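Here the structure comes first, spelled out in structure tokens, and everything after it is commentary.
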Amino acid sequence: MRRARFSPLVVAGLVIFVFFLFVAIFAERLMPYTMDVLNRPLQRPSPAHILGTNDIGQDIFSELILGTRVALTIGVVSAFFTVVIGTTIGVASGYLGRTPEKLLREFTALCMAIPQLPLTIVLVTFLRPSMWNIIIAICITAWTSTARIIHAKVTELKSLPFVKIEEALGQKKIVIMFRHLLPNMMDIVLMRATLAVSSAMLTEASLSFLGLGLFNQKSWGSILYYAFTKNGVVAGFTWWYVPPIVCISLCIFSFMLIGYYGFGSSSGRKPGIYGVTI
């Protein structure tokens with residue numbers, strides 16, 4: 001067995017993620033002002049308001065802190081269900097063979113042909129904007145790439161000796177798929193999960209920026225939406241629209257580092273007999 005080695009880039013990604021997770025969990029305690037406190041609108045940054053105030057006088061720094069929770073919640077929950085759906089379909093289509101494989105493969109290809117963001121916009125508009133409806137819309141549209149990658153890996157693994165031995169012993173297919181094949185793909189699954197979180201967060205920010213996000217809760221995307229619609233960009237209020245862009249970029253960057261340099265760099269390991277990774 002190889003010892004796990006943590007790249008400095010992975011450590012950097014974990015540090016950034018833990019920072020945002022801490023902010024999301026303790027948002028109310030870290031906020032200098034609640035959203036009920038209204039001051040003079042459009043104030044410039046000052047010791048009292050580090051990032052100034054928005055068009056109705058709310059503290060932008062407090063908005064930014066509160067928006068971390070929405071971004072991470074939608075990102076993590078959407079990624080979990082996306083990966084579960086994609087992995088299940090990928091494993092089933094890759095192992096079952098013949099008609100089930102063909103049907104699932106063609107269904108995945110059909111779903112991949114539909115542009116993800118436009119379909120998500122249509123679904124959110126139809127379902128009405130809410131946290132769970134955004135999560136549902138993302139899950140419906142974002143599972144296809146995971147399913148395609150898992151399908152390809154299962155197709156490779158099912159011809160290995162340990163799978164043939166299990167089949168010869170009369171082991172049930174569902175046991176082979178999820179007890180013997182799936183553990184040998186956990187690096188890929190975890191990598192897809194981290195990338196799915198960043199993708200979901202970017203989708204949520206895009207929806208909010210387009211006016212389809214959560215407006216009863218603060219999010220980074222909704223801060224950008226109001227900064228643009230209330231002429232914050234035209235007026236040059238960089239302290240209003242730059243911080244949420246930086247937060248989105250940093251959070252996505254942290255998951256990319258963890259996904260590519262953590263799980264992605266070790267996904268080339270080959271499984272040995274009886275599914276033992278070597």
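Just remember, in the structure tokens the first chain shown is A, the second B, etc., residues are 1-based per chain, and ligands are 1-based in the order shown.
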From the DSSP assignment of the backbone, select every residue of stretch 113-244 of chain A that is helix (DSSP H, G or I), and format the answer as number ranges by chain. A: 113, 116-127, 131-142, 144-157, 161-168, 173-209, 220-229, 238-244
Please identify every residue of stretch 13-107 of chain A that has at least one atom no farther than 10 Å from an atom of stretch 180-192 of chain A, counting only C-alpha atoms, and for each give the shortest atom pair and the distance in Å to one decimal, arranged by chain then increasing number, as JSON lines.
{"residue": "A:Ala79", "atom": "CA", "partner": "A:Arg192", "partner_atom": "CA", "distance": 8.5}
{"residue": "A:Phe80", "atom": "CA", "partner": "A:Arg192", "partner_atom": "CA", "distance": 9.9}
{"residue": "A:Thr82", "atom": "CA", "partner": "A:Arg192", "partner_atom": "CA", "distance": 9.4}
{"residue": "A:Val83", "atom": "CA", "partner": "A:Arg192", "partner_atom": "CA", "distance": 7.0}
{"residue": "A:Val84", "atom": "CA", "partner": "A:Val189", "partner_atom": "CA", "distance": 9.0}
{"residue": "A:Gly86", "atom": "CA", "partner": "A:Val189", "partner_atom": "CA", "distance": 9.4}
{"residue": "A:Thr87", "atom": "CA", "partner": "A:Val189", "partner_atom": "CA", "distance": 7.3}
{"residue": "A:Thr88", "atom": "CA", "partner": "A:Leu182", "partner_atom": "CA", "distance": 9.5}
{"residue": "A:Val91", "atom": "CA", "partner": "A:Leu182", "partner_atom": "CA", "distance": 7.6}
{"residue": "A:Tyr95", "atom": "CA", "partner": "A:Leu181", "partner_atom": "CA", "distance": 9.2}
Would you mind exporting the chosen residues as a PDB file, in the first residue's frame, restricted to N, CA and C atoms?
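Okay, this is what ended up in again.pdb:
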ATOM      1  N   ALA A  79     -23.674  18.902  -4.611  1.00  0.00           N
ATOM      2  CA  ALA A  79     -22.606  17.994  -5.020  1.00  0.00           C
ATOM      3  C   ALA A  79     -22.858  16.578  -4.515  1.00  0.00           C
ATOM      4  N   PHE A  80     -23.348  16.450  -3.291  1.00  0.00           N
ATOM      5  CA  PHE A  80     -23.615  15.122  -2.730  1.00  0.00           C
ATOM      6  C   PHE A  80     -24.619  14.362  -3.592  1.00  0.00           C
ATOM      7  N   THR A  82     -25.645  15.085  -6.645  1.00  0.00           N
ATOM      8  CA  THR A  82     -25.163  14.972  -8.018  1.00  0.00           C
ATOM      9  C   THR A  82     -24.237  13.773  -8.181  1.00  0.00           C
ATOM     10  N   VAL A  83     -23.304  13.630  -7.247  1.00  0.00           N
ATOM     11  CA  VAL A  83     -22.348  12.528  -7.321  1.00  0.00           C
ATOM     12  C   VAL A  83     -23.030  11.186  -7.069  1.00  0.00           C
ATOM     13  N   VAL A  84     -23.985  11.152  -6.151  1.00  0.00           N
ATOM     14  CA  VAL A  84     -24.720   9.896  -5.900  1.00  0.00           C
ATOM     15  C   VAL A  84     -25.469   9.455  -7.152  1.00  0.00           C
ATOM     16  N   GLY A  86     -24.948  10.450 -10.360  1.00  0.00           N
ATOM     17  CA  GLY A  86     -24.015  10.168 -11.446  1.00  0.00           C
ATOM     18  C   GLY A  86     -23.258   8.875 -11.245  1.00  0.00           C
ATOM     19  N   THR A  87     -22.833   8.609 -10.013  1.00  0.00           N
ATOM     20  CA  THR A  87     -22.090   7.382  -9.720  1.00  0.00           C
ATOM     21  C   THR A  87     -22.974   6.156  -9.887  1.00  0.00           C
ATOM     22  N   THR A  88     -24.206   6.233  -9.398  1.00  0.00           N
ATOM     23  CA  THR A  88     -25.125   5.095  -9.517  1.00  0.00           C
ATOM     24  C   THR A  88     -25.396   4.754 -10.971  1.00  0.00           C
ATOM     25  N   VAL A  91     -22.049   3.413 -12.647  1.00  0.00           N
ATOM     26  CA  VAL A  91     -21.713   2.033 -12.273  1.00  0.00           C
ATOM     27  C   VAL A  91     -22.668   1.047 -12.936  1.00  0.00           C
ATOM     28  N   TYR A  95     -21.493  -1.691 -15.846  1.00  0.00           N
ATOM     29  CA  TYR A  95     -21.338  -3.096 -15.468  1.00  0.00           C
ATOM     30  C   TYR A  95     -22.434  -4.018 -16.015  1.00  0.00           C
TER      31      TYR A  95
END
Nearest-residue call for A:Thr120, choices A:Ala200, A:Ala12, A:Ala227, A:Val70, using only C-alpha atoms: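 Looking at the shortest contact to A:Thr120, the residue is A:Ala200.
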What lies within 6 Å of stretch 150-152 of chain A using only C-alpha atoms, ignoring chain neighbours under 3 positions off, as a PyMOL selection string? chain A and resi 90-91+94+147+155
Output N, CA and C atoms for every residue in that selection, as a PDB file, in the first residue's frame.
ATOM      1  N   GLY A  90     -23.560   5.659 -13.558  1.00  0.00           N
ATOM      2  CA  GLY A  90     -22.308   5.266 -14.202  1.00  0.00           C
ATOM      3  C   GLY A  90     -21.921   3.831 -13.908  1.00  0.00           C
ATOM      4  N   VAL A  91     -22.049   3.413 -12.647  1.00  0.00           N
ATOM      5  CA  VAL A  91     -21.713   2.033 -12.273  1.00  0.00           C
ATOM      6  C   VAL A  91     -22.668   1.047 -12.936  1.00  0.00           C
ATOM      7  N   GLY A  94     -22.102   0.889 -16.721  1.00  0.00           N
ATOM      8  CA  GLY A  94     -20.820   0.301 -17.082  1.00  0.00           C
ATOM      9  C   GLY A  94     -20.728  -1.182 -16.833  1.00  0.00           C
ATOM     10  N   ALA A 147     -21.378  10.592 -14.393  1.00  0.00           N
ATOM     11  CA  ALA A 147     -21.834   9.288 -14.894  1.00  0.00           C
ATOM     12  C   ALA A 147     -20.959   8.802 -16.043  1.00  0.00           C
ATOM     13  N   THR A 155     -16.139   0.115 -16.979  1.00  0.00           N
ATOM     14  CA  THR A 155     -15.889  -0.696 -18.169  1.00  0.00           C
ATOM     15  C   THR A 155     -14.471  -1.250 -18.153  1.00  0.00           C
TER      16      THR A 155
END
Between atom CA of A:Ala92 and atom CA of A:Ala193, measure the distance and give it in Å to one decimal.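 Computed distance, atom CA of A:Ala92 to atom CA of A:Ala193, equals 18.6 Å.
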Excluding A:Leu38 and residues on its chain fewer than 5 positions from it, collect all residues at most 12 Å away from it, counting only C-alpha atoms, and give them as a PyMOL selection string. chain A and resi 33+43+49+52-60+62
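The coordinates place atom CA of A:Gly67 at 5.3 Å from atom CA of A:Trp220.
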Provide the atom CA of A:Ser222 to atom CA of A:Ala71 distance in Å, to one decimal place.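 Going from atom CA of A:Ser222 over to atom CA of A:Ala71 covers 10.7 Å.
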Among the residues A:Lys164, A:Lys158, A:Asn216, A:Val15, the one that comes closest to A:Met35 [using only C-alpha atoms]: A:Asn216
Measuring atom to atom with only C-alpha atoms, identify which of A:Leu119, A:Ile176, A:Leu169, A:Val234 is nearest to A:Leu207.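 Looking only at the distances to A:Leu207, the closest residue turns out to be A:Leu119.
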What's the 8 Å shell around A:Phe255, counting only C-alpha atoms, without same-chain residues fewer than 5 positions away, as a PyMOL selection string? chain A and resi 13+17+194-195+197-198
